[in-house]
$ cat final_7.txt   # compact mmCIF, C-alpha atoms and all ligand atoms
# COMPACT_ATOMS: atom_id res chain seq x y z
CA MET K 331 11.55 2.82 -21.15
CA ASP K 332 12.59 5.60 -18.76
CA LEU K 333 9.46 7.11 -17.25
CA SER K 334 11.13 9.67 -15.01
CA TYR K 335 10.73 13.33 -15.90
CA THR K 336 13.68 15.45 -16.97
CA ARG K 337 14.50 18.75 -15.30
CA THR K 338 13.10 20.63 -18.30
CA GLU K 339 9.84 18.73 -17.99
CA GLU K 340 9.63 19.35 -14.24
CA ALA K 341 10.33 23.09 -14.74
CA PHE K 342 7.63 23.22 -17.41
CA ARG K 343 5.21 21.42 -15.06
CA ALA K 344 5.91 23.92 -12.28
CA GLU K 345 5.34 26.89 -14.59
CA ALA K 346 2.05 25.46 -15.91
CA ARG K 347 0.85 24.55 -12.42
CA GLU K 348 1.52 28.02 -11.09
CA TRP K 349 -0.26 29.76 -13.94
CA LEU K 350 -3.25 27.43 -13.75
CA ARG K 351 -3.47 27.86 -9.98
CA ASP K 352 -3.73 31.63 -10.46
CA HIS K 353 -6.10 31.63 -13.46
CA VAL K 354 -8.49 28.65 -13.51
CA PRO K 355 -11.95 30.07 -12.68
CA ALA K 356 -13.13 29.11 -9.19
CA GLU K 357 -16.63 28.45 -10.52
CA PRO K 358 -16.74 26.24 -13.64
CA PRO K 359 -18.28 28.07 -16.63
CA PRO K 360 -21.75 26.95 -17.84
CA SER K 361 -21.92 23.96 -20.23
CA LEU K 362 -20.21 24.73 -23.53
CA GLU K 363 -23.26 23.31 -25.29
CA THR K 364 -25.18 26.51 -24.46
CA ALA K 365 -24.73 29.98 -26.03
CA GLU K 366 -23.67 31.47 -22.70
CA GLY K 367 -21.26 28.61 -21.93
CA PHE K 368 -19.81 28.70 -25.44
CA ALA K 369 -18.99 32.40 -25.04
CA ALA K 370 -17.45 31.81 -21.60
CA HIS K 371 -15.29 28.96 -22.95
CA ARG K 372 -14.23 31.13 -25.91
CA ALA K 373 -13.11 33.83 -23.45
CA TRP K 374 -11.14 31.18 -21.52
CA GLU K 375 -9.35 30.17 -24.75
CA ALA K 376 -8.34 33.83 -25.22
CA GLU K 377 -7.00 33.96 -21.66
CA LEU K 378 -5.00 30.76 -22.19
CA ALA K 379 -3.67 32.09 -25.49
CA ALA K 380 -2.57 35.42 -23.99
CA ALA K 381 -0.13 33.44 -21.80
CA ARG K 382 0.63 30.97 -24.65
CA TRP K 383 -0.98 27.99 -22.94
CA SER K 384 -3.70 27.31 -25.52
CA VAL K 385 -1.62 25.29 -28.02
CA VAL K 386 1.60 24.43 -26.22
CA SER K 387 2.85 21.94 -28.84
CA TRP K 388 2.50 24.32 -31.80
CA PRO K 389 5.45 26.34 -33.12
CA GLU K 390 5.86 29.76 -31.46
CA GLU K 391 5.03 31.66 -34.66
CA TYR K 392 1.41 30.43 -34.40
CA GLY K 393 1.00 31.10 -30.67
CA GLY K 394 2.45 27.89 -29.23
CA ARG K 395 5.53 27.05 -27.18
CA GLY K 396 6.96 24.42 -29.52
CA VAL K 397 7.10 21.77 -26.78
CA ASP K 398 7.50 18.05 -27.51
CA LEU K 399 4.91 15.33 -26.84
CA ALA K 400 6.29 14.58 -23.37
CA ARG K 401 5.75 18.17 -22.23
CA TRP K 402 2.37 18.28 -23.90
CA LEU K 403 1.38 15.26 -21.76
CA VAL K 404 2.74 17.02 -18.66
CA PHE K 405 0.71 20.13 -19.49
CA GLU K 406 -2.45 18.05 -19.94
CA GLU K 407 -1.93 16.41 -16.54
CA GLU K 408 -1.65 19.81 -14.89
CA TYR K 409 -4.53 21.25 -16.88
CA TRP K 410 -7.06 18.63 -15.85
CA ALA K 411 -5.73 18.29 -12.31
CA ALA K 412 -6.34 22.04 -11.88
CA GLY K 413 -10.02 21.53 -12.80
CA ALA K 414 -9.70 23.78 -15.87
CA PRO K 415 -12.65 24.06 -18.33
CA GLY K 416 -13.16 21.69 -21.30
CA ARG K 417 -11.70 22.89 -24.60
CA VAL K 418 -14.28 24.44 -26.93
CA SER K 419 -11.63 24.82 -29.65
CA GLN K 420 -10.89 21.10 -29.75
CA ASN K 421 -12.09 20.38 -33.33
CA GLY K 422 -9.81 23.06 -34.69
CA VAL K 423 -6.81 22.49 -32.45
CA GLN K 424 -6.80 18.71 -32.53
CA LEU K 425 -8.24 17.86 -35.96
CA LEU K 426 -7.89 20.72 -38.43
CA ALA K 427 -4.54 22.06 -37.18
CA PRO K 428 -2.63 18.75 -37.56
CA THR K 429 -4.19 18.44 -41.04
CA LEU K 430 -2.91 21.91 -41.94
CA PHE K 431 0.53 21.15 -40.52
CA ASP K 432 0.72 18.05 -42.73
CA HIS K 433 -1.15 19.14 -45.87
CA GLY K 434 -1.88 22.89 -45.75
CA THR K 435 0.07 25.69 -47.39
CA ALA K 436 2.22 28.19 -45.48
CA GLU K 437 -0.39 30.85 -46.33
CA GLN K 438 -3.20 28.71 -44.86
CA ARG K 439 -1.28 28.06 -41.67
CA ALA K 440 -0.44 31.77 -41.22
CA ARG K 441 -4.05 32.81 -41.86
CA ILE K 442 -5.93 30.08 -39.99
CA LEU K 443 -3.86 28.98 -37.00
CA PRO K 444 -3.42 32.22 -34.97
CA PRO K 445 -7.18 33.00 -34.65
CA MET K 446 -7.76 29.30 -33.89
CA ALA K 447 -5.23 29.49 -31.05
CA THR K 448 -7.01 32.46 -29.44
CA GLY K 449 -10.54 31.07 -29.80
CA GLU K 450 -11.49 33.90 -32.15
CA THR K 451 -12.41 31.29 -34.79
CA ILE K 452 -14.01 28.12 -33.48
CA TRP K 453 -14.23 25.22 -35.93
CA ALA K 454 -16.76 22.43 -36.53
CA GLN K 455 -16.11 19.14 -38.32
CA ALA K 456 -18.48 18.55 -41.27
CA TRP K 457 -17.82 15.01 -42.38
CA SER K 458 -20.87 12.88 -41.55
CA GLU K 459 -24.02 12.77 -43.64
CA PRO K 460 -27.35 11.00 -43.00
CA GLU K 461 -26.25 8.05 -45.19
CA ALA K 462 -22.52 8.37 -44.66
CA GLY K 463 -21.31 7.75 -41.11
CA SER K 464 -19.26 4.57 -40.73
CA ASP K 465 -19.25 4.27 -44.51
CA LEU K 466 -17.91 7.78 -44.93
CA ALA K 467 -16.66 7.18 -48.46
CA SER K 468 -20.28 7.00 -49.67
CA LEU K 469 -20.83 10.70 -48.94
CA THR K 470 -22.82 12.61 -51.58
CA SER K 471 -22.42 16.32 -50.71
CA ARG K 472 -20.84 17.92 -53.75
CA ALA K 473 -18.16 20.45 -54.58
CA VAL K 474 -18.67 21.81 -58.11
CA ARG K 475 -15.96 23.84 -59.86
CA THR K 476 -16.70 27.51 -60.48
CA ASP K 477 -14.67 30.64 -61.23
CA GLY K 478 -11.95 30.98 -58.55
CA GLY K 479 -13.28 28.22 -56.33
CA TRP K 480 -16.00 25.68 -55.61
CA LEU K 481 -19.74 25.59 -54.88
CA LEU K 482 -20.75 23.24 -52.03
CA SER K 483 -24.21 21.65 -51.87
CA GLY K 484 -25.71 18.88 -49.77
CA LEU K 485 -26.45 17.99 -46.16
CA LYS K 486 -23.97 17.35 -43.35
CA THR K 487 -25.09 16.12 -39.93
CA TRP K 488 -23.95 15.47 -36.32
CA SER K 489 -21.59 18.41 -36.58
CA SER K 490 -20.53 18.97 -32.95
CA ARG K 491 -20.64 22.59 -31.73
CA ALA K 492 -21.68 23.84 -35.16
CA ALA K 493 -24.69 25.51 -33.51
CA PHE K 494 -22.32 28.20 -32.17
CA ALA K 495 -19.10 27.72 -34.18
CA ASP K 496 -17.73 30.06 -36.87
CA ARG K 497 -16.28 27.84 -39.59
CA ALA K 498 -16.24 24.19 -40.64
CA PHE K 499 -13.99 21.76 -42.51
CA GLY K 500 -15.24 18.76 -44.45
CA ILE K 501 -14.93 16.46 -47.43
CA PHE K 502 -17.03 16.77 -50.57
CA ARG K 503 -17.49 14.80 -53.78
CA SER K 504 -15.78 16.81 -56.49
CA ASP K 505 -15.56 14.07 -59.14
CA PRO K 506 -18.72 11.92 -59.27
CA GLU K 507 -17.22 9.97 -62.21
CA ALA K 508 -14.24 8.65 -60.16
CA ASP K 509 -13.86 4.85 -60.38
CA ARG K 510 -13.93 4.23 -56.59
CA PRO K 511 -16.12 5.97 -53.94
CA HIS K 512 -13.14 7.25 -51.95
CA ARG K 513 -11.53 8.78 -55.01
CA GLY K 514 -12.70 12.16 -56.29
CA LEU K 515 -13.22 13.77 -52.86
CA THR K 516 -11.90 17.21 -51.94
CA TYR K 517 -11.15 18.63 -48.48
CA LEU K 518 -12.43 22.19 -47.98
CA MET K 519 -13.04 24.80 -45.29
CA PHE K 520 -16.11 27.06 -45.28
CA ASP K 521 -17.78 29.77 -43.27
CA LEU K 522 -20.84 28.73 -41.27
CA ARG K 523 -22.32 32.20 -41.86
CA ALA K 524 -21.69 32.22 -45.61
CA ARG K 525 -24.56 32.72 -48.03
CA GLY K 526 -26.22 29.36 -48.76
CA VAL K 527 -25.47 27.78 -45.33
CA THR K 528 -28.37 26.96 -42.99
CA VAL K 529 -27.36 25.66 -39.55
CA ARG K 530 -30.13 23.71 -37.82
CA PRO K 531 -29.19 22.77 -34.22
CA ILE K 532 -29.90 19.20 -32.99
CA GLY K 533 -30.71 18.68 -29.31
CA ARG K 534 -28.75 16.14 -27.27
CA LEU K 535 -30.33 13.74 -24.74
CA ASP K 536 -30.55 16.65 -22.27
CA GLY K 537 -31.90 19.04 -24.91
CA LYS K 538 -28.73 21.11 -25.28
CA PRO K 539 -27.84 21.89 -28.94
CA ALA K 540 -24.59 19.95 -28.96
CA PHE K 541 -24.72 19.29 -32.73
CA ALA K 542 -26.20 20.74 -35.89
CA GLU K 543 -27.28 19.76 -39.37
CA LEU K 544 -25.71 21.90 -42.09
CA PHE K 545 -27.81 22.50 -45.19
CA LEU K 546 -25.56 23.74 -47.99
CA ASP K 547 -26.92 25.35 -51.13
CA GLU K 548 -24.22 26.44 -53.59
CA VAL K 549 -21.93 27.82 -50.89
CA PHE K 550 -18.93 29.53 -52.52
CA VAL K 551 -15.48 28.48 -51.27
CA PRO K 552 -12.42 30.19 -52.78
CA ASP K 553 -9.50 28.05 -53.99
CA GLU K 554 -7.40 29.26 -51.04
CA ASP K 555 -9.68 27.24 -48.73
CA VAL K 556 -9.03 23.88 -50.40
CA ILE K 557 -6.63 21.74 -48.32
CA GLY K 558 -4.22 19.73 -50.45
CA GLU K 559 -4.97 18.84 -54.05
CA PRO K 560 -8.58 18.54 -55.29
CA GLY K 561 -9.45 14.83 -55.46
CA GLN K 562 -7.08 13.95 -52.59
CA GLY K 563 -9.63 14.53 -49.80
CA TRP K 564 -9.80 10.91 -48.63
CA ARG K 565 -6.08 10.53 -48.10
CA ILE K 566 -5.98 13.81 -46.19
CA ALA K 567 -9.04 12.92 -44.12
CA MET K 568 -7.49 9.60 -43.12
CA SER K 569 -4.48 11.40 -41.69
CA THR K 570 -6.92 13.46 -39.58
CA THR K 571 -8.65 10.39 -38.14
CA GLY K 572 -5.37 9.14 -36.65
CA ASN K 573 -5.23 12.35 -34.61
CA GLU K 574 -8.87 12.10 -33.65
CA ARG K 575 -8.68 8.55 -32.33
CA GLY K 576 -5.15 8.69 -31.06
CA LEU K 577 -3.70 10.31 -28.02
CA MET K 578 -4.39 13.95 -28.89
CA LEU K 579 -8.15 13.80 -28.37
CA ARG K 580 -8.12 12.17 -24.95
CA SER K 581 -4.96 12.68 -23.01
CA PRO K 582 -4.39 10.52 -19.91
CA GLY K 583 -4.28 13.66 -17.74
CA ARG K 584 -8.00 14.02 -18.15
CA PHE K 585 -8.67 10.51 -16.86
CA LEU K 586 -6.11 10.68 -14.06
CA ALA K 587 -7.93 13.80 -12.80
CA ALA K 588 -11.36 12.19 -13.26
CA ALA K 589 -10.26 9.04 -11.38
CA ASP K 590 -9.01 11.28 -8.58
CA ARG K 591 -12.37 13.04 -8.39
CA LEU K 592 -14.07 9.64 -8.33
CA VAL K 593 -11.95 8.54 -5.37
CA ARG K 594 -12.94 11.73 -3.53
CA LEU K 595 -16.58 11.04 -4.37
CA TRP K 596 -16.22 7.50 -3.00
CA ARG K 597 -14.76 8.90 0.22
CA SER K 598 -17.71 11.27 0.67
CA GLU K 599 -20.58 9.14 -0.70
CA GLY K 600 -19.36 5.53 -0.79
CA ASP K 601 -20.76 2.77 1.36
CA PRO K 602 -17.81 0.79 2.81
CA GLY K 603 -20.14 -2.23 2.91
CA ASP K 604 -20.45 -2.20 -0.90
CA PRO K 605 -17.33 -3.99 -2.17
CA ALA K 606 -18.59 -4.15 -5.77
CA LEU K 607 -18.72 -0.37 -6.09
CA ARG K 608 -15.40 0.00 -4.30
CA GLU K 609 -13.81 -2.35 -6.82
CA ARG K 610 -15.17 -0.29 -9.71
CA VAL K 611 -13.56 2.82 -8.17
CA ALA K 612 -10.27 0.93 -7.86
CA ASP K 613 -10.62 -0.24 -11.50
CA ALA K 614 -11.02 3.39 -12.58
CA VAL K 615 -7.76 4.33 -10.86
CA ILE K 616 -5.94 1.34 -12.38
CA GLY K 617 -7.42 2.12 -15.82
CA ALA K 618 -6.25 5.75 -15.71
CA ARG K 619 -2.74 4.69 -14.74
CA ALA K 620 -2.65 1.94 -17.39
CA TYR K 621 -3.74 4.43 -20.03
CA GLN K 622 -1.05 6.85 -18.86
CA LEU K 623 1.61 4.17 -19.30
CA PHE K 624 0.23 3.00 -22.64
CA THR K 625 0.23 6.59 -23.87
CA ALA K 626 3.79 7.16 -22.70
CA GLY K 627 4.78 4.21 -24.89
CA ALA K 628 2.81 5.56 -27.87
CA ALA K 629 4.35 9.03 -27.39
CA ALA K 630 7.85 7.53 -27.32
CA ARG K 631 7.15 5.64 -30.56
CA LEU K 632 5.74 8.77 -32.25
CA ALA K 633 8.71 10.84 -31.05
CA ALA K 634 11.01 8.23 -32.63
CA GLY K 635 9.25 8.85 -35.95
CA ALA K 636 6.76 5.95 -36.08
CA PRO K 637 3.37 6.81 -37.65
CA SER K 638 0.30 6.75 -35.35
CA GLY K 639 -1.33 4.13 -37.65
CA ALA K 640 -3.92 1.58 -36.60
CA GLU K 641 -2.72 1.70 -32.96
CA SER K 642 -4.84 4.82 -32.56
CA SER K 643 -7.90 2.52 -32.76
CA LEU K 644 -6.70 0.75 -29.59
CA ASN K 645 -6.59 4.11 -27.82
CA LYS K 646 -10.03 5.06 -29.02
CA VAL K 647 -11.75 1.86 -27.85
CA PHE K 648 -9.98 2.06 -24.50
CA TRP K 649 -10.66 5.69 -23.60
CA SER K 650 -14.27 5.65 -24.76
CA GLU K 651 -15.20 2.54 -22.77
CA TYR K 652 -13.16 3.69 -19.78
CA ASP K 653 -14.85 7.11 -19.72
CA LEU K 654 -18.30 5.55 -19.79
CA ALA K 655 -17.51 3.05 -16.99
CA LEU K 656 -16.03 5.82 -14.82
CA HIS K 657 -19.12 8.03 -15.19
CA GLU K 658 -21.49 5.13 -14.59
CA THR K 659 -19.63 4.39 -11.36
CA ALA K 660 -19.93 8.05 -10.30
CA LEU K 661 -23.66 8.11 -10.98
CA ASP K 662 -24.16 4.83 -9.09
CA LEU K 663 -22.33 6.41 -6.16
CA LEU K 664 -24.49 9.53 -6.29
CA GLY K 665 -27.75 7.60 -6.53
CA PRO K 666 -30.87 8.94 -8.29
CA GLU K 667 -30.06 12.62 -7.68
CA GLY K 668 -26.81 12.28 -9.62
CA GLU K 669 -28.62 11.99 -12.91
CA LEU K 670 -31.07 14.76 -12.17
CA ALA K 671 -28.57 17.38 -11.03
CA ASP K 672 -27.08 19.44 -13.85
CA GLY K 673 -23.60 19.02 -12.42
CA ALA K 674 -20.26 17.92 -13.82
CA TRP K 675 -20.87 14.18 -13.34
CA ALA K 676 -24.26 14.23 -15.08
CA GLU K 677 -22.88 16.36 -17.95
CA GLY K 678 -19.83 14.11 -18.21
CA TYR K 679 -22.03 11.01 -18.23
CA VAL K 680 -24.17 12.26 -21.14
CA PHE K 681 -21.00 13.08 -23.07
CA SER K 682 -19.37 9.73 -22.27
CA LEU K 683 -22.39 7.85 -23.67
CA ALA K 684 -21.39 9.07 -27.13
CA GLY K 685 -17.70 8.11 -26.85
CA PRO K 686 -18.13 4.65 -28.41
CA LEU K 687 -19.81 6.33 -31.43
CA TYR K 688 -17.98 9.51 -32.41
CA ALA K 689 -14.50 9.52 -33.95
CA GLY K 690 -15.58 6.27 -35.66
CA THR K 691 -17.71 3.68 -33.82
CA ASN K 692 -16.01 1.08 -31.65
CA GLU K 693 -17.36 -1.72 -33.85
CA ILE K 694 -15.44 -0.22 -36.75
CA GLN K 695 -12.34 0.32 -34.56
CA ARG K 696 -12.45 -3.34 -33.50
CA ASP K 697 -12.56 -4.34 -37.17
CA ILE K 698 -9.49 -2.20 -37.81
CA ILE K 699 -7.67 -3.76 -34.82
CA ALA K 700 -8.63 -7.28 -35.92
CA GLU K 701 -7.58 -6.81 -39.53
CA ARG K 702 -4.64 -4.41 -39.41
CA LEU K 703 -3.03 -5.13 -36.06
CA LEU K 704 -3.91 -8.79 -35.50
CA GLY K 705 -3.94 -9.86 -39.16
CA LEU K 706 -7.29 -11.62 -38.83
CA PRO K 707 -9.32 -12.25 -42.00
CA LYS K 708 -11.72 -9.54 -43.14
CA GLY K 709 -15.24 -9.84 -41.66
CA ARG K 710 -18.38 -10.00 -43.74
CA ARG K 711 -19.66 -6.50 -44.60
C1 LIG K 801 -21.49 12.87 -29.85
C2 LIG K 801 -21.22 12.75 -31.31
C3 LIG K 801 -20.51 13.75 -31.93
C4 LIG K 801 -20.26 13.69 -33.28
N1 LIG K 801 -19.61 14.74 -33.86
C5 LIG K 801 -19.40 14.74 -35.19
C6 LIG K 801 -18.79 15.86 -35.81
O1 LIG K 801 -18.43 16.84 -35.16
N2 LIG K 801 -18.66 15.85 -37.15
C7 LIG K 801 -19.05 14.80 -37.92
O2 LIG K 801 -18.86 14.85 -39.13
N3 LIG K 801 -19.65 13.70 -37.36
C8 LIG K 801 -19.84 13.67 -36.01
N4 LIG K 801 -20.46 12.57 -35.43
C9 LIG K 801 -20.96 11.48 -36.27
C10 LIG K 801 -20.18 10.18 -36.07
O3 LIG K 801 -18.94 10.26 -36.69
C11 LIG K 801 -21.06 9.05 -36.64
O4 LIG K 801 -22.19 8.96 -35.81
C12 LIG K 801 -20.33 7.71 -36.67
O5 LIG K 801 -19.30 7.73 -37.61
C13 LIG K 801 -21.30 6.56 -36.98
O6 LIG K 801 -22.02 6.81 -38.15
P1 LIG K 801 -23.62 6.67 -38.18
O7 LIG K 801 -24.17 7.50 -37.04
O8 LIG K 801 -24.05 7.02 -39.56
O9 LIG K 801 -23.93 5.18 -37.83
P2 LIG K 801 -23.88 3.92 -38.83
O10 LIG K 801 -22.67 4.00 -39.67
O11 LIG K 801 -25.21 3.84 -39.52
O12 LIG K 801 -23.73 2.73 -37.81
C14 LIG K 801 -24.80 2.21 -37.04
C15 LIG K 801 -24.28 1.00 -36.26
O13 LIG K 801 -23.86 -0.02 -37.16
C16 LIG K 801 -22.50 -0.37 -36.91
N5 LIG K 801 -21.81 -0.63 -38.18
C17 LIG K 801 -21.89 0.10 -39.33
N6 LIG K 801 -21.09 -0.44 -40.27
C18 LIG K 801 -20.47 -1.52 -39.70
C19 LIG K 801 -19.52 -2.48 -40.15
N7 LIG K 801 -19.02 -2.43 -41.39
N8 LIG K 801 -19.11 -3.45 -39.29
C20 LIG K 801 -19.59 -3.50 -38.01
N9 LIG K 801 -20.51 -2.62 -37.53
C21 LIG K 801 -20.94 -1.65 -38.36
C22 LIG K 801 -21.89 0.85 -36.27
O14 LIG K 801 -20.73 0.52 -35.52
C23 LIG K 801 -23.05 1.33 -35.40
O15 LIG K 801 -23.09 0.64 -34.18
C24 LIG K 801 -20.72 12.60 -34.05
C25 LIG K 801 -21.44 11.58 -33.42
C26 LIG K 801 -21.69 11.64 -32.07
C27 LIG K 801 -22.48 10.53 -31.44
$ encode --input "final_7.txt" --output "structure tokens" --more "lines below"
Ligand SMILES: Cc1cc2nc3c(=O)[nH]c(=O)nc-3n(C[C@H](O)[C@H](O)[C@H](O)COP(=O)(O)OP(=O)(O)OC[C@H]3O[C@@H](n4cnc5c(N)ncnc54)[C@H](O)[C@@H]3O)c2cc1C
Amino acid sequence: MDLSYTRTEEAFRAEAREWLRDHVPAEPPPSLETAEGFAAHRAWEAELAAARWSVVSWPEEYGGRGVDLARWLVFEEEYWAAGAPGRVSQNGVQLLAPTLFDHGTAEQRARILPPMATGETIWAQAWSEPEAGSDLASLTSRAVRTDGGWLLSGLKTWSSRAAFADRAFGIFRSDPEADRPHRGLTYLMFDLRARGVTVRPIGRLDGKPAFAELFLDEVFVPDEDVIGEPGQGWRIAMSTTGNERGLMLRSPGRFLAAADRLVRLWRSEGDPGDPALRERVADAVIGARAYQLFTAGAAARLAAGAPSGAESSLNKVFWSEYDLALHETALDLLGPEGELADGAWAEGYVFSLAGPLYAGTNEIQRDIIAERLLGLPKGRR
């Protein structure tokens, strides 16, 4: 595999670098898990979009630059190296948008993607329920047919950013008589401020309302907000999970930049007489580079037309465990104050704790790897 960059890629890198150098805020905005931080991150999305940097891989008609995966990876490297803010629009851009590209109508794409690209509409994912996490197919929230659309009722939980977001997408049981639990589900989008929706924020470990419960009581959704055919929700949802676990959610650029910051932290705080910690810093650098190479391989396979498939589970286990180890190393370097200070490392650590859980727990990903990639027999469930 040829890993050198083409002239087009290098020119694209230079353009992105220059823009980011001139525009990334000198002071990082407040945490996006606060009302003030959410608004600041939304404004950043609008600034990115005005220069068409918010969704570089999308077609131009929706606000993108139509670049291929290789240039998307280049952009991500520059983005994180420049210390740019985390992406508040991630659920929409990385989960809903690919679903609409694959299964939505032209009307849905034209209506939904442009305001997503500018941060005007921020999306939440409403899949999980109190009794339907890993076993998502057992979900019980309902979609009942009515004139011109559907009425949604039930309870969704752990919906990231729903405390401040505008709209949500989720799967609902539309045919309770279906012969199998994953049949008879429908994929719909709804407004978080619609009549019948109650959003109850849930505090994270540090008290910030990073998630919400969504109580739904006969919430009307017009037919135009159904994605794909009614009853096909499971199949559509499974195409979304590949994007969530695969390379789109955690690009290597993010970890290369984080490993770089860790090396700088080691230089300022590290004790040269502590070889164990020094080795963990070196492991973080090696891990970031290994992930970069692994991702380059995955991108080449995707570009050649291969589906993302079960390989995305390998990515997910790797980046989630890597992120946690990197942040633990940083906090060990900082000592007790590191956890108390409300800085980037402490915030990143709290977020990294959840990596092995969200986007499907790592236990479930390991099952998928064992069964679908290694061909091992099914475990006992
Ligand atoms: C930070 C964070 C953000 C999230 N954001 C969202 C969001 O935006 N939208 C959304 O819909 N959901 C979200 N979730 C929910 C997330 O998808 C679920 O927490 C996850 O799927 C696990 O489901 P559960 O919590 O019900 O745990 P359970 O499914 O009850 O699992 C509990 C434990 O049992 C293990 N387990 C369960 N079944 C098996 C099995 N068959 N084999 C082996 N081990 C098993 C699990 O791996 C886990 O360790 C988020 C979660 C977190 C932590």
$ closest_atom_pairs --input "final_7.txt" --of "chain K" --to "ligand LIG 801 (chain K)" --cutoff "9 Å" --atoms "only C-alpha atoms and all ligand atoms" --output "tab-separated table"
residue	atom	partner	partner_atom	distance
K:Asn421	CA	K:LIG801	O1	7.5
K:Ala454	CA	K:LIG801	O1	6.0
K:Gln455	CA	K:LIG801	N2	4.3
K:Ala456	CA	K:LIG801	O2	4.3
K:Trp457	CA	K:LIG801	O2	3.4
K:Ser458	CA	K:LIG801	O2	3.7
K:Glu459	CA	K:LIG801	O8	7.1
K:Pro460	CA	K:LIG801	O8	6.2
K:Glu461	CA	K:LIG801	O8	6.1
K:Ala462	CA	K:LIG801	O8	5.5
K:Gly463	CA	K:LIG801	O6	3.2
K:Ser464	CA	K:LIG801	O10	3.6
K:Asp465	CA	K:LIG801	O10	5.9
K:Leu466	CA	K:LIG801	O5	7.5
K:Lys486	CA	K:LIG801	O2	7.1
K:Thr487	CA	K:LIG801	O2	6.4
K:Trp488	CA	K:LIG801	C8	4.5
K:Ser489	CA	K:LIG801	O1	3.8
K:Ser490	CA	K:LIG801	O1	3.7
K:Arg491	CA	K:LIG801	O1	7.1
K:Ala492	CA	K:LIG801	O1	7.7
K:Gly500	CA	K:LIG801	O2	7.5
K:Arg534	CA	K:LIG801	C1	8.4
K:Ala540	CA	K:LIG801	C1	7.8
K:Phe541	CA	K:LIG801	N1	6.9
K:Ala542	CA	K:LIG801	O1	8.7
K:Phe681	CA	K:LIG801	C1	6.8
K:Ser682	CA	K:LIG801	C1	8.5
K:Leu683	CA	K:LIG801	C1	8.0
K:Ala684	CA	K:LIG801	C1	4.7
K:Gly685	CA	K:LIG801	C1	6.8
K:Pro686	CA	K:LIG801	C27	7.9
K:Leu687	CA	K:LIG801	C27	5.0
K:Tyr688	CA	K:LIG801	C25	4.2
K:Ala689	CA	K:LIG801	O3	5.3
K:Gly690	CA	K:LIG801	O5	4.4
K:Thr691	CA	K:LIG801	O14	4.7
K:Asn692	CA	K:LIG801	O14	6.1
K:Glu693	CA	K:LIG801	O14	4.4
K:Ile694	CA	K:LIG801	C20	5.4
K:Gln695	CA	K:LIG801	O14	8.4
K:Arg696	CA	K:LIG801	C20	8.4
K:Asp697	CA	K:LIG801	N8	6.9
K:Gly709	CA	K:LIG801	N8	7.8
K:Arg710	CA	K:LIG801	N7	8.0
K:Arg711	CA	K:LIG801	N7	5.2
$ residues_near_point --input "final_7.txt" --point "(-9.6, 4.1, -27.2)" --cutoff "9 Å" --atoms "all atoms listed in the file" --output "list in words"
Arg575, Gly576, Leu577, Arg580, Ser642, Ser643, Leu644, Asn645, Lys646, Val647, Phe648, Trp649, Ser650, Glu651, Tyr652, Pro686, Asn692 and Gln695 of chain K
$ atom_distance --input "final_7.txt" --atom1 "CA of Leu362 (chain K)" --atom2 "CA of Arg417 (chain K)"
8.8 Å
$ closest_residue --input "final_7.txt" --among "K:Glu363, K:Glu357, K:Asp432, K:Glu339" --to "Leu403 (chain K)" --atoms "only C-alpha atoms"
K:Glu339
$ atom_distance --input "final_7.txt" --atom1 "CA of Val529 (chain K)" --atom2 "CA of Leu544 (chain K)"
4.8 Å
$ closest_residue --input "final_7.txt" --among "K:Asp590, K:Glu507, K:Glu390, K:Asp553" --to "Trp480 (chain K)" --atoms "only C-alpha atoms"
K:Asp553
$ closest_residue --input "final_7.txt" --among "K:Arg523, K:Leu546, K:Gly394, K:Ala660" --to "Trp675 (chain K)" --atoms "all atoms listed in the file"
K:Ala660
$ closest_residue --input "final_7.txt" --among "K:Arg343, K:Arg441, K:Arg513, K:Arg497" --to "Glu391 (chain K)" --atoms "all atoms listed in the file"
K:Arg441
$ build_atoms --input "final_7.txt" --residues "region 375-379 of chain K" --atoms "N, CA, C and O atoms" --output "PDB file, in the frame of the given file"
ATOM      1  N   GLU K 375     -10.378  30.467 -23.742  1.00  0.00           N
ATOM      2  CA  GLU K 375      -9.350  30.170 -24.750  1.00  0.00           C
ATOM      3  C   GLU K 375      -8.466  31.394 -24.979  1.00  0.00           C
ATOM      4  O   GLU K 375      -7.247  31.278 -25.116  1.00  0.00           O
ATOM      5  N   ALA K 376      -9.105  32.597 -24.997  1.00  0.00           N
ATOM      6  CA  ALA K 376      -8.340  33.830 -25.220  1.00  0.00           C
ATOM      7  C   ALA K 376      -7.378  34.066 -24.057  1.00  0.00           C
ATOM      8  O   ALA K 376      -6.231  34.483 -24.250  1.00  0.00           O
ATOM      9  N   GLU K 377      -7.860  33.770 -22.844  1.00  0.00           N
ATOM     10  CA  GLU K 377      -7.000  33.960 -21.660  1.00  0.00           C
ATOM     11  C   GLU K 377      -5.803  32.995 -21.701  1.00  0.00           C
ATOM     12  O   GLU K 377      -4.664  33.381 -21.430  1.00  0.00           O
ATOM     13  N   LEU K 378      -6.093  31.742 -22.043  1.00  0.00           N
ATOM     14  CA  LEU K 378      -5.000  30.760 -22.190  1.00  0.00           C
ATOM     15  C   LEU K 378      -4.002  31.231 -23.236  1.00  0.00           C
ATOM     16  O   LEU K 378      -2.784  31.179 -23.035  1.00  0.00           O
ATOM     17  N   ALA K 379      -4.546  31.709 -24.374  1.00  0.00           N
ATOM     18  CA  ALA K 379      -3.670  32.090 -25.490  1.00  0.00           C
ATOM     19  C   ALA K 379      -2.797  33.282 -25.127  1.00  0.00           C
ATOM     20  O   ALA K 379      -1.637  33.345 -25.549  1.00  0.00           O
TER      21      ALA K 379
END
